[in-house]
Amino acid sequence: MESSSSEIRRLLEENESLSRCRVSLEMRAVELEEQRDKMEEDNREMERRTKEVEQRMKSHARPMLEMESELSVLRAEVSRLREEEESHSESVRAGEKELVEKCERLEQQEVQVREMEKMLLAKNVELAESLAKTKVRLSLLL
């Protein structure tokens, strides 16, 4: 009876741990989605700024050397932003892969917990029946 009690306690603690893990994974998923959204927003902003600069260049009659210099700076910025975007993309992909792996492990653990709960329930029924039989025997002996 005591081992069943400790087994139940262990299973409950394990279930609580799994629940905390699930919440943690869900929070990580939200963080990754926010990172992806920010990256997309940065990309749109980069495109908007690039177009804005191109329009300014067309509308102003500046010397060609000055415009080429500004274009070079903008291209460097675009290149840097693309590298940053790629870095963020890799980070998001790695995070998503990690999240999928953790979800799979969590699902496997949930299945194991359900199986253990079934075994525990069966053991409890078996113990209850054994206890009932013992009580009957005791009452017959008295």
# chains A, B, ... in the order shown; residues from 1 in each chain; ligands from 1

call {"tool": "residues_around", "arguments": {"residues": "stretch 116-122 of chain A", "least_positions_apart": "3", "cutoff": "10 Å", "atoms": "only C-alpha atoms", "output": "PyMOL selection string"}}
result
chain A and resi 4-5+7-8+11-12+110-113+125-128

call {"tool": "write_last_selection", "arguments": {"atoms": "N, CA and C atoms", "output": "compact mmCIF listing (two decimals), in the first residue's frame"}}
result
# COMPACT_ATOMS: atom_id res chain seq x y z
N SER A 4 2.51 1.73 -3.32
CA SER A 4 1.54 2.28 -4.28
C SER A 4 1.40 3.78 -4.05
N SER A 5 1.36 4.15 -2.80
CA SER A 5 1.24 5.55 -2.45
C SER A 5 2.45 6.32 -2.95
N GLU A 7 4.40 5.40 -5.33
CA GLU A 7 4.37 5.33 -6.80
C GLU A 7 3.41 6.39 -7.34
N ILE A 8 2.27 6.53 -6.68
CA ILE A 8 1.30 7.56 -7.10
C ILE A 8 1.93 8.94 -6.95
N LEU A 11 4.40 9.45 -9.67
CA LEU A 11 3.74 9.71 -10.95
C LEU A 11 3.15 11.12 -11.00
N LEU A 12 2.60 11.56 -9.90
CA LEU A 12 2.05 12.92 -9.85
C LEU A 12 3.16 13.95 -10.00
N GLU A 110 4.12 11.47 -22.13
CA GLU A 110 2.70 11.46 -21.79
C GLU A 110 2.11 10.06 -21.99
N VAL A 111 2.52 9.40 -23.05
CA VAL A 111 2.05 8.04 -23.30
C VAL A 111 2.52 7.13 -22.17
N GLN A 112 3.78 7.28 -21.78
CA GLN A 112 4.32 6.47 -20.70
C GLN A 112 3.57 6.74 -19.39
N VAL A 113 3.26 8.00 -19.13
CA VAL A 113 2.53 8.33 -17.90
C VAL A 113 1.15 7.69 -17.92
N VAL A 125 -6.83 -1.76 -7.92
CA VAL A 125 -7.99 -2.65 -7.95
C VAL A 125 -7.60 -4.01 -7.38
N GLU A 126 -6.45 -4.49 -7.79
CA GLU A 126 -5.97 -5.79 -7.29
C GLU A 126 -5.78 -5.74 -5.78
N LEU A 127 -5.21 -4.65 -5.28
CA LEU A 127 -5.01 -4.53 -3.83
C LEU A 127 -6.34 -4.42 -3.09
N ALA A 128 -7.28 -3.70 -3.68
CA ALA A 128 -8.60 -3.56 -3.05
C ALA A 128 -9.30 -4.91 -2.97

call {"tool": "residues_around", "arguments": {"residues": "stretch 73-83 of chain A", "least_positions_apart": "3", "cutoff": "9 Å", "atoms": "only C-alpha atoms", "output": "ChimeraX atom specification"}}
result
/A:42-43,46-47,50,53,68-70,86-88

call {"tool": "closest_residue", "arguments": {"among": "A:Arg10, A:Glu26, A:Glu115, A:Glu16", "to": "A:Lys102", "atoms": "only C-alpha atoms"}}
result
A:Glu26

call {"tool": "atom_distance", "arguments": {"atom1": "atom CA of A:Cys103", "atom2": "atom CA of A:Arg22"}}
result
7.8 Å

call {"tool": "closest_residue", "arguments": {"among": "A:Lys135, A:Leu99, A:Ala94, A:Ser6", "to": "A:Val30", "atoms": "only C-alpha atoms"}}
result
A:Leu99

call {"tool": "closest_residue", "arguments": {"among": "A:Ser17, A:Ser3, A:Gln55, A:Thr134", "to": "A:Leu106", "atoms": "only C-alpha atoms"}}
result
A:Ser17

call {"tool": "residues_around", "arguments": {"residues": "A:Glu107", "least_positions_apart": "6", "cutoff": "12 Å", "atoms": "only C-alpha atoms", "output": "list in words"}}
result
Asn15, Leu18, Ser19, Cys21, Arg22, Val100, Glu101, Val113 and Arg114 of chain A
